file input.cif (mmCIF, C-alpha atoms)
data_work
#
loop_
_atom_site.label_atom_id
_atom_site.label_comp_id
_atom_site.auth_asym_id
_atom_site.auth_seq_id
_atom_site.Cartn_x
_atom_site.Cartn_y
_atom_site.Cartn_z
CA MET L 296 97.16 236.84 153.37
CA ASN L 297 99.25 240.00 153.29
CA VAL L 298 102.41 238.14 152.35
CA PHE L 299 100.64 236.67 149.32
CA PHE L 300 99.71 240.18 148.21
CA TYR L 301 103.31 241.35 148.45
CA ILE L 302 104.62 238.29 146.64
CA ALA L 303 102.09 238.63 143.81
CA GLY L 304 102.80 242.36 143.53
CA ALA L 305 106.54 241.77 143.34
CA VAL L 306 106.07 239.10 140.67
CA ALA L 307 103.82 241.45 138.68
CA ILE L 308 106.29 244.34 138.81
CA ILE L 309 109.37 242.25 137.99
CA SER L 310 107.73 240.44 135.10
CA THR L 311 106.37 243.72 133.70
CA ILE L 312 109.88 245.19 133.79
CA MET L 313 111.15 242.11 131.95
CA ALA L 314 108.31 242.45 129.44
CA ILE L 315 109.01 246.07 128.49
CA THR L 316 112.78 245.69 128.36
CA GLY L 317 112.99 242.43 126.41
CA ARG L 318 114.45 242.15 122.94
CA ASN L 319 112.57 239.05 121.84
CA ALA L 320 108.84 239.68 121.32
CA ILE L 321 107.74 236.17 122.27
CA HIS L 322 109.71 236.21 125.53
CA SER L 323 108.23 239.61 126.40
CA LEU L 324 104.71 238.33 125.71
CA LEU L 325 105.26 235.33 127.98
CA PHE L 326 106.50 237.64 130.75
CA LEU L 327 103.42 239.80 130.21
CA ILE L 328 101.17 236.75 130.63
CA LEU L 329 102.99 236.00 133.89
CA SER L 330 102.36 239.58 135.02
CA LEU L 331 98.64 239.26 134.21
CA LEU L 332 98.43 236.01 136.18
CA ALA L 333 100.08 237.73 139.17
CA VAL L 334 97.55 240.58 138.92
CA SER L 335 94.76 238.02 138.87
CA VAL L 336 96.11 236.62 142.15
CA VAL L 337 95.86 240.17 143.51
CA PHE L 338 92.24 240.30 142.32
CA TYR L 339 91.53 237.06 144.14
CA LEU L 340 93.04 238.46 147.33
CA LEU L 341 90.89 241.56 146.89
CA GLN L 342 87.83 239.31 147.16
CA ALA L 343 86.86 239.54 143.51
CA PRO L 344 87.14 235.88 142.41
CA PHE L 345 84.89 236.40 139.39
CA ILE L 346 87.15 239.15 138.08
CA ALA L 347 90.21 236.99 138.76
CA ALA L 348 88.71 234.27 136.58
CA LEU L 349 87.86 236.79 133.85
CA GLU L 350 91.43 238.09 133.94
CA VAL L 351 92.83 234.60 133.40
CA ILE L 352 90.28 233.57 130.77
CA ILE L 353 89.97 236.75 128.70
CA TYR L 354 93.18 238.72 129.26
CA ALA L 355 95.76 235.96 129.57
CA GLY L 356 93.78 233.41 127.60
CA ALA L 357 92.33 235.32 124.68
CA ILE L 358 94.01 238.70 124.23
CA MET L 359 97.58 237.56 124.86
CA VAL L 360 97.10 234.47 122.70
CA LEU L 361 95.99 236.79 119.89
CA PHE L 362 99.24 238.73 120.39
CA ILE L 363 101.29 235.54 120.29
CA PHE L 364 99.53 234.33 117.14
CA VAL L 365 100.25 237.59 115.32
CA THR L 366 103.85 237.62 116.52
CA MET L 367 104.35 234.07 115.29
CA MET L 368 102.58 234.84 112.01
CA LEU L 369 104.88 237.77 111.31
CA ASN L 370 107.81 235.57 112.32
CA ILE L 371 109.60 238.27 114.26
CA GLY L 372 112.68 237.00 115.97
CA LEU L 373 115.17 239.37 117.43
CA GLU L 374 114.63 242.97 116.56
CA LYS L 375 116.38 244.69 113.77
CA GLN L 376 119.31 246.95 114.39
CA THR L 377 117.23 250.13 114.15
CA GLU L 378 115.79 249.91 117.64
CA LYS L 379 119.09 248.96 119.18
CA LYS L 380 120.48 252.16 117.73
CA TRP L 381 117.53 254.12 119.11
CA ILE L 382 117.61 252.82 122.66
CA ARG L 383 120.63 254.60 124.01
CA PRO L 384 120.64 255.89 127.60
CA GLY L 385 120.03 259.40 126.32
CA MET L 386 116.81 258.24 124.74
CA TRP L 387 115.16 256.44 127.62
CA ILE L 388 116.41 258.36 130.65
CA LEU L 389 114.31 261.49 130.16
CA PRO L 390 110.93 259.74 129.71
CA SER L 391 111.74 257.46 132.64
CA ILE L 392 112.60 260.42 134.88
CA LEU L 393 109.39 262.22 133.92
CA ALA L 394 107.31 259.10 134.63
CA ALA L 395 109.15 258.65 137.95
CA VAL L 396 108.25 262.24 138.86
CA LEU L 397 104.57 261.44 138.24
CA LEU L 398 104.91 258.28 140.36
CA ALA L 399 106.51 260.28 143.18
CA ASP L 400 103.57 262.68 142.90
CA LEU L 401 101.17 259.76 143.36
CA VAL L 402 103.12 258.49 146.39
CA PHE L 403 103.04 261.97 147.93
CA ALA L 404 99.28 262.25 147.35
CA LEU L 405 98.65 258.81 148.88
CA ARG L 406 100.80 259.51 151.93
CA GLY L 407 98.48 262.22 153.21
CA ALA L 408 95.37 260.04 153.13
CA GLY L 409 95.94 258.21 156.43
CA ALA L 410 95.93 254.48 156.94
CA ILE L 411 92.81 252.77 155.68
CA SER L 412 92.48 249.05 155.18
CA ILE L 413 89.96 246.94 153.35
CA SER L 414 86.91 246.00 155.37
CA GLY L 415 85.47 242.53 155.62
CA GLN L 416 82.42 242.38 153.43
CA ILE L 417 82.58 240.71 150.05
CA VAL L 418 80.94 241.77 146.79
CA GLU L 419 79.23 238.73 145.34
CA PRO L 420 79.29 238.07 141.59
CA LYS L 421 75.48 238.04 141.81
CA GLN L 422 75.49 241.70 142.84
CA VAL L 423 77.84 242.48 139.96
CA GLY L 424 75.47 240.82 137.49
CA ILE L 425 72.40 242.58 138.89
CA SER L 426 74.16 245.94 138.71
CA LEU L 427 75.48 245.21 135.22
CA PHE L 428 72.04 244.50 133.80
CA SER L 429 70.05 247.15 135.65
CA THR L 430 72.07 250.29 136.36
CA TYR L 431 74.57 249.83 133.55
CA LEU L 432 72.23 248.36 130.93
CA LEU L 433 72.81 251.21 128.48
CA ALA L 434 76.58 250.88 128.87
CA VAL L 435 76.32 247.14 128.18
CA GLU L 436 74.51 247.87 124.93
CA ILE L 437 77.09 250.50 123.98
CA ALA L 438 79.84 247.93 124.68
CA ALA L 439 77.98 245.49 122.43
CA ILE L 440 77.93 248.05 119.62
CA LEU L 441 81.64 248.69 120.21
CA LEU L 442 82.38 244.97 119.92
CA LEU L 443 80.36 244.82 116.70
CA ALA L 444 82.37 247.74 115.33
CA GLY L 445 85.55 245.91 116.38
CA VAL L 446 84.51 242.75 114.54
CA ILE L 447 83.63 244.64 111.36
CA GLY L 448 86.79 246.75 111.55
CA ALA L 449 89.06 243.76 112.12
CA TYR L 450 87.43 241.93 109.22
CA HIS L 451 87.82 244.92 106.94
CA LEU L 452 91.43 245.57 107.90
CA GLY L 453 92.39 241.92 107.90
CA SER L 454 91.11 241.08 104.44
CA GLN L 455 93.76 241.10 101.75
CA LYS L 456 92.82 243.69 99.18
CA LYS L 457 93.91 243.50 95.59
CA LYS L 458 96.57 246.06 95.02
CA VAL L 459 95.53 248.69 92.50
CA THR L 460 98.48 250.57 91.10
CA HIS L 461 98.84 252.49 87.89
CA ARG L 462 101.20 250.73 85.53
CA PHE L 463 103.57 253.70 85.44
CA LEU L 464 103.93 253.49 89.22
CA GLU L 465 104.68 249.79 89.28
CA LYS L 466 108.15 249.00 90.48
CA LYS L 467 110.29 247.05 88.12
CA MET S 77 91.56 238.60 155.17
CA LEU S 78 93.71 241.15 153.43
CA THR S 79 94.86 243.95 155.70
CA VAL S 80 97.30 245.70 153.38
CA PRO S 81 96.60 249.46 153.39
CA VAL S 82 94.77 250.79 150.36
CA GLN S 83 97.66 253.14 149.65
CA ILE S 84 100.02 250.21 149.06
CA GLN S 85 97.53 248.58 146.73
CA ILE S 86 97.04 251.73 144.69
CA LEU S 87 100.82 252.14 144.68
CA LEU S 88 101.12 248.71 143.03
CA ALA S 89 98.65 249.79 140.34
CA GLY S 90 100.52 253.07 139.93
CA ILE S 91 103.87 251.33 139.48
CA LEU S 92 102.38 249.03 136.84
CA PHE S 93 100.82 252.02 135.05
CA PHE S 94 104.08 253.94 134.96
CA LEU S 95 105.99 250.90 133.73
CA GLY S 96 103.50 250.73 130.88
CA LEU S 97 103.90 254.47 130.25
CA ILE S 98 107.70 254.18 130.12
CA GLY S 99 107.40 251.27 127.72
CA LEU S 100 105.07 253.25 125.47
CA LEU S 101 107.38 256.28 125.46
CA VAL S 102 110.66 254.45 124.97
CA ARG S 103 110.01 251.49 122.69
CA ARG S 104 109.89 251.90 118.93
CA ASN S 105 108.62 248.44 118.03
CA ILE S 106 104.86 248.74 117.55
CA ILE S 107 104.06 245.36 119.13
CA PHE S 108 105.81 246.44 122.31
CA MET S 109 103.91 249.74 122.25
CA LEU S 110 100.59 247.85 122.04
CA MET S 111 101.71 245.61 124.91
CA SER S 112 102.49 248.68 127.02
CA VAL S 113 98.98 250.00 126.36
CA GLU S 114 97.64 246.68 127.60
CA ILE S 115 99.67 247.00 130.82
CA MET S 116 98.19 250.46 131.38
CA PHE S 117 94.63 249.19 130.77
CA ASN S 118 95.19 246.41 133.25
CA SER S 119 96.53 248.66 135.99
CA ALA S 120 93.58 251.05 135.53
CA GLY S 121 91.28 248.05 136.01
CA LEU S 122 93.22 247.12 139.15
CA VAL S 123 92.46 250.56 140.62
CA PHE S 124 88.76 250.04 139.86
CA ILE S 125 88.76 246.67 141.64
CA ILE S 126 90.60 248.12 144.66
CA ALA S 127 88.11 250.96 144.95
CA GLY S 128 85.14 248.62 144.48
CA THR S 129 86.39 246.33 147.24
CA HIS S 130 87.11 249.26 149.50
CA TRP S 131 83.63 250.75 149.24
CA MET S 132 81.96 247.33 148.96
CA GLN S 133 80.13 248.34 145.79
CA PRO S 134 79.78 246.21 142.64
CA ASP S 135 80.45 249.21 140.37
CA GLY S 136 84.21 248.66 140.32
CA GLN S 137 83.87 245.13 138.98
CA VAL S 138 81.30 246.29 136.42
CA MET S 139 83.78 248.90 135.20
CA PHE S 140 86.48 246.25 134.95
CA ILE S 141 84.23 244.21 132.65
CA PHE S 142 83.83 247.30 130.43
CA ILE S 143 87.60 247.84 130.42
CA LEU S 144 87.98 244.21 129.34
CA ALA S 145 85.60 244.75 126.40
CA VAL S 146 87.39 247.93 125.31
CA ALA S 147 90.80 246.24 125.58
CA ALA S 148 89.62 243.31 123.46
CA VAL S 149 88.34 245.62 120.71
CA GLU S 150 91.50 247.74 120.86
CA VAL S 151 93.76 244.71 120.55
CA SER S 152 91.89 243.16 117.63
CA ILE S 153 91.85 246.41 115.64
CA GLY S 154 95.44 247.19 116.59
CA LEU S 155 96.73 243.80 115.53
CA ALA S 156 94.83 244.00 112.23
CA LEU S 157 96.48 247.38 111.63
CA ILE S 158 99.89 245.90 112.51
CA LEU S 159 99.36 243.12 109.97
CA GLN S 160 98.51 245.65 107.25
CA LEU S 161 101.50 247.75 108.26
CA TYR S 162 103.82 244.78 108.04
CA HIS S 163 102.49 243.88 104.60
CA HIS S 164 103.15 247.40 103.34
CA PHE S 165 106.45 248.27 104.96
CA LYS S 166 107.99 244.90 105.94
CA THR S 167 108.95 246.32 109.30
CA LEU S 168 107.42 246.97 112.71
CA ASP S 169 109.59 250.00 113.43
CA THR S 170 107.39 253.07 113.91
CA ASP S 171 110.19 255.33 112.67
CA ALA S 172 110.05 253.68 109.28
CA ILE S 173 106.37 254.47 108.78
CA ASN S 174 106.41 258.21 109.29
CA LYS S 175 106.17 259.00 105.60
CA LEU S 176 103.00 259.17 103.55
CA LYS S 177 104.83 259.16 100.27
CA ASP S 178 106.55 256.21 98.69
CA LYS S 179 110.09 255.49 99.64
CA ARG S 180 112.55 256.32 96.91
#
call {"tool": "encode", "arguments": {"input": "input.cif", "output": "structure tokens"}}
result
Amino acid sequence: MNVFFYIAGAVAIISTIMAITGRNAIHSLLFLILSLLAVSVVFYLLQAPFIAALEVIIYAGAIMVLFIFVTMMLNIGLEKQTEKKWIRPGMWILPSILAAVLLADLVFALRGAGAISISGQIVEPKQVGISLFSTYLLAVEIAAILLLAGVIGAYHLGSQKKKVTHRFLEKK
Amino acid sequence: MLTVPVQIQILLAGILFFLGLIGLLVRRNIIFMLMSVEIMFNSAGLVFIIAGTHWMQPDGQVMFIFILAVAAVEVSIGLALILQLYHHFKTLDTDAINKLKDKR
């Protein structure tokens, strides 16, 4: 089992690196979907099969497809020259070093915790559902209101408004 | 039966989070920035699942479902904003949209 975890983790890390360094938006999105699938394998190994299914269905299946639709709708191929000019080594080395310092901090903090490994019992999806609709009932309703706000906001932002411009400001 | 230490698992989530952070800081294309935010959401959810499995409590998975809902809302609003942005400025470069006034 352990070797599957390491393989899935390596696939996730490599495909994420490819996703954030790519030039073509569609290729990066496909690498990101691969990364999400690898993370869902990790979820399965962590004995959360329900969450692994949700990751594939919602994250890789719905959210990323939305990304791909928008990218295809805007018809973005290779990026324009502006970003190529921006991404010089001087631009990305400092943020990367600062993020690496934070990562080293995390490694140092984890090193002192001693070796613990996951114990055998499994959390059933039934327990998750019972907890979701008893302890976290208020949070579920707040999430429902948030989704409603998302639907209304996306509808409002997505609708094409008639442009109102004063005739003196109109471009020739 | 997975016997990988919890530290290694959290390290995987940490590496994914920092890759997302680097992407958010470095990239200037707004679609890539939104993708980096998604990577960070996902790695935060991974930490929740690891902790929930470790303590054998369902709370971690419940939190992951909430993260999923928040990520879905964030992506739909963000993509609608990107569409509006592209209609106005004809570019996805965030450096081109730093002005409130019209371009002369």
call {"tool": "interface_residues", "arguments": {"input": "input.cif", "of": "chain S", "to": "chain L", "cutoff": "6 Å", "atoms": "all atoms listed in the file", "output": "ChimeraX atom specification"}}
result
/S:78-79,81-83,98-99,102,130,134,149,153,156
call {"tool": "write_last_selection", "arguments": {"input": "input.cif", "atoms": "C-alpha atoms", "output": "PDB file, in the frame of the given file"}}
result
ATOM      1  CA  LEU S  78      93.710 241.150 153.430  1.00  0.00           C
ATOM      2  CA  THR S  79      94.860 243.950 155.700  1.00  0.00           C
ATOM      3  CA  PRO S  81      96.600 249.460 153.390  1.00  0.00           C
ATOM      4  CA  VAL S  82      94.770 250.790 150.360  1.00  0.00           C
ATOM      5  CA  GLN S  83      97.660 253.140 149.650  1.00  0.00           C
ATOM      6  CA  ILE S  98     107.700 254.180 130.120  1.00  0.00           C
ATOM      7  CA  GLY S  99     107.400 251.270 127.720  1.00  0.00           C
ATOM      8  CA  VAL S 102     110.660 254.450 124.970  1.00  0.00           C
ATOM      9  CA  HIS S 130      87.110 249.260 149.500  1.00  0.00           C
ATOM     10  CA  PRO S 134      79.780 246.210 142.640  1.00  0.00           C
ATOM     11  CA  VAL S 149      88.340 245.620 120.710  1.00  0.00           C
ATOM     12  CA  ILE S 153      91.850 246.410 115.640  1.00  0.00           C
ATOM     13  CA  ALA S 156      94.830 244.000 112.230  1.00  0.00           C
TER      14      ALA S 156
END
call {"tool": "closest_atom_pairs", "arguments": {"input": "input.cif", "of": "stretch 131-158 of chain S", "to": "stretch 167-172 of chain S", "cutoff": "12 Å", "atoms": "all atoms listed in the file", "output": "JSON lines"}}
result
{"residue": "S:Leu155", "atom": "CA", "partner": "S:Leu168", "partner_atom": "CA", "distance": 11.5}
{"residue": "S:Leu157", "atom": "CA", "partner": "S:Leu168", "partner_atom": "CA", "distance": 11.0}
{"residue": "S:Ile158", "atom": "CA", "partner": "S:Leu168", "partner_atom": "CA", "distance": 7.6}
call {"tool": "resolve_selection", "arguments": {"input": "input.cif", "expression": "the PyMOL selection byres ((chain S and resi 90-92) around 7)", "output": "tab-separated table (two decimals) with C-alpha atoms, keeping the file's coordinate frame"}}
result
chain	number	residue	atom	x	y	z
L	308	ILE	CA	106.29	244.34	138.81
L	398	LEU	CA	104.91	258.28	140.36
S	86	ILE	CA	97.04	251.73	144.69
S	87	LEU	CA	100.82	252.14	144.68
S	88	LEU	CA	101.12	248.71	143.03
S	89	ALA	CA	98.65	249.79	140.34
S	93	PHE	CA	100.82	252.02	135.05
S	94	PHE	CA	104.08	253.94	134.96
S	95	LEU	CA	105.99	250.90	133.73
S	96	GLY	CA	103.50	250.73	130.88
S	115	ILE	CA	99.67	247.00	130.82
S	119	SER	CA	96.53	248.66	135.99
call {"tool": "closest_residue", "arguments": {"input": "input.cif", "among": "S:Phe142, S:Met132, S:Leu159, S:Phe165", "to": "L:Glu436", "atoms": "only C-alpha atoms"}}
result
S:Phe142
call {"tool": "atom_distance", "arguments": {"input": "input.cif", "atom1": "atom CA of L:Ile302", "atom2": "atom CA of S:Thr129"}}
result
19.9 Å
call {"tool": "closest_residue", "arguments": {"input": "input.cif", "among": "L:Leu332, L:Pro344, L:Tyr339, L:Asn370", "to": "L:Gly356", "atoms": "only C-alpha atoms"}}
result
L:Leu332
call {"tool": "atom_distance", "arguments": {"input": "input.cif", "atom1": "atom CA of S:Ser152", "atom2": "atom CA of L:Phe364"}}
result
11.7 Å
call {"tool": "closest_residue", "arguments": {"input": "input.cif", "among": "S:Ile141, S:Ala120, S:Ile107, S:Leu100", "to": "S:Leu161", "atoms": "all atoms listed in the file"}}
result
S:Ile107
call {"tool": "decode", "arguments": {"input": "input.cif", "residues": "stretch 309-324 of chain L", "atoms": "N, CA, C and O atoms", "output": "short mmCIF file (atom, residue, chain, number, x, y, z; two decimals), in the first residue's frame"}}
result
data_model
loop_
_atom_site.label_atom_id
_atom_site.label_comp_id
_atom_site.auth_asym_id
_atom_site.auth_seq_id
_atom_site.Cartn_x
_atom_site.Cartn_y
_atom_site.Cartn_z
N ILE L 309 4.54 16.17 -9.56
CA ILE L 309 5.11 16.45 -10.89
C ILE L 309 4.07 17.12 -11.78
O ILE L 309 4.34 18.12 -12.46
N SER L 310 2.82 16.61 -11.74
CA SER L 310 1.83 17.21 -12.63
C SER L 310 1.43 18.60 -12.16
O SER L 310 1.10 19.46 -12.99
N THR L 311 1.51 18.87 -10.84
CA THR L 311 1.24 20.24 -10.39
C THR L 311 2.32 21.19 -10.87
O THR L 311 2.03 22.32 -11.29
N ILE L 312 3.59 20.72 -10.81
CA ILE L 312 4.69 21.57 -11.32
C ILE L 312 4.47 21.87 -12.80
O ILE L 312 4.60 23.01 -13.26
N MET L 313 4.09 20.83 -13.56
CA MET L 313 3.83 21.05 -14.99
C MET L 313 2.67 22.03 -15.18
O MET L 313 2.67 22.83 -16.12
N ALA L 314 1.68 21.95 -14.28
CA ALA L 314 0.50 22.80 -14.44
C ALA L 314 0.84 24.27 -14.21
O ALA L 314 0.37 25.14 -14.94
N ILE L 315 1.67 24.56 -13.19
CA ILE L 315 1.92 25.97 -12.91
C ILE L 315 3.03 26.55 -13.76
O ILE L 315 3.23 27.75 -13.75
N THR L 316 3.78 25.71 -14.48
CA THR L 316 4.83 26.27 -15.32
C THR L 316 4.47 26.27 -16.80
O THR L 316 5.25 26.74 -17.60
N GLY L 317 3.30 25.73 -17.16
CA GLY L 317 2.99 25.59 -18.57
C GLY L 317 2.69 26.92 -19.24
O GLY L 317 2.33 27.89 -18.58
N ARG L 318 2.87 26.95 -20.55
CA ARG L 318 2.55 28.16 -21.30
C ARG L 318 1.14 28.08 -21.87
O ARG L 318 0.45 29.08 -21.99
N ASN L 319 0.73 26.88 -22.24
CA ASN L 319 -0.58 26.71 -22.87
C ASN L 319 -1.61 26.40 -21.78
O ASN L 319 -1.43 25.50 -20.98
N ALA L 320 -2.69 27.19 -21.73
CA ALA L 320 -3.66 27.06 -20.64
C ALA L 320 -4.35 25.70 -20.65
O ALA L 320 -4.54 25.10 -19.58
N ILE L 321 -4.67 25.20 -21.83
CA ILE L 321 -5.37 23.91 -21.89
C ILE L 321 -4.48 22.78 -21.38
O ILE L 321 -4.91 21.93 -20.60
N HIS L 322 -3.20 22.80 -21.80
CA HIS L 322 -2.29 21.75 -21.32
C HIS L 322 -2.16 21.81 -19.81
O HIS L 322 -2.16 20.78 -19.13
N SER L 323 -2.05 23.04 -19.26
CA SER L 323 -1.93 23.17 -17.81
C SER L 323 -3.16 22.64 -17.11
O SER L 323 -3.07 21.98 -16.07
N LEU L 324 -4.35 22.91 -17.69
CA LEU L 324 -5.58 22.42 -17.06
C LEU L 324 -5.63 20.90 -17.07
O LEU L 324 -6.06 20.29 -16.09
#
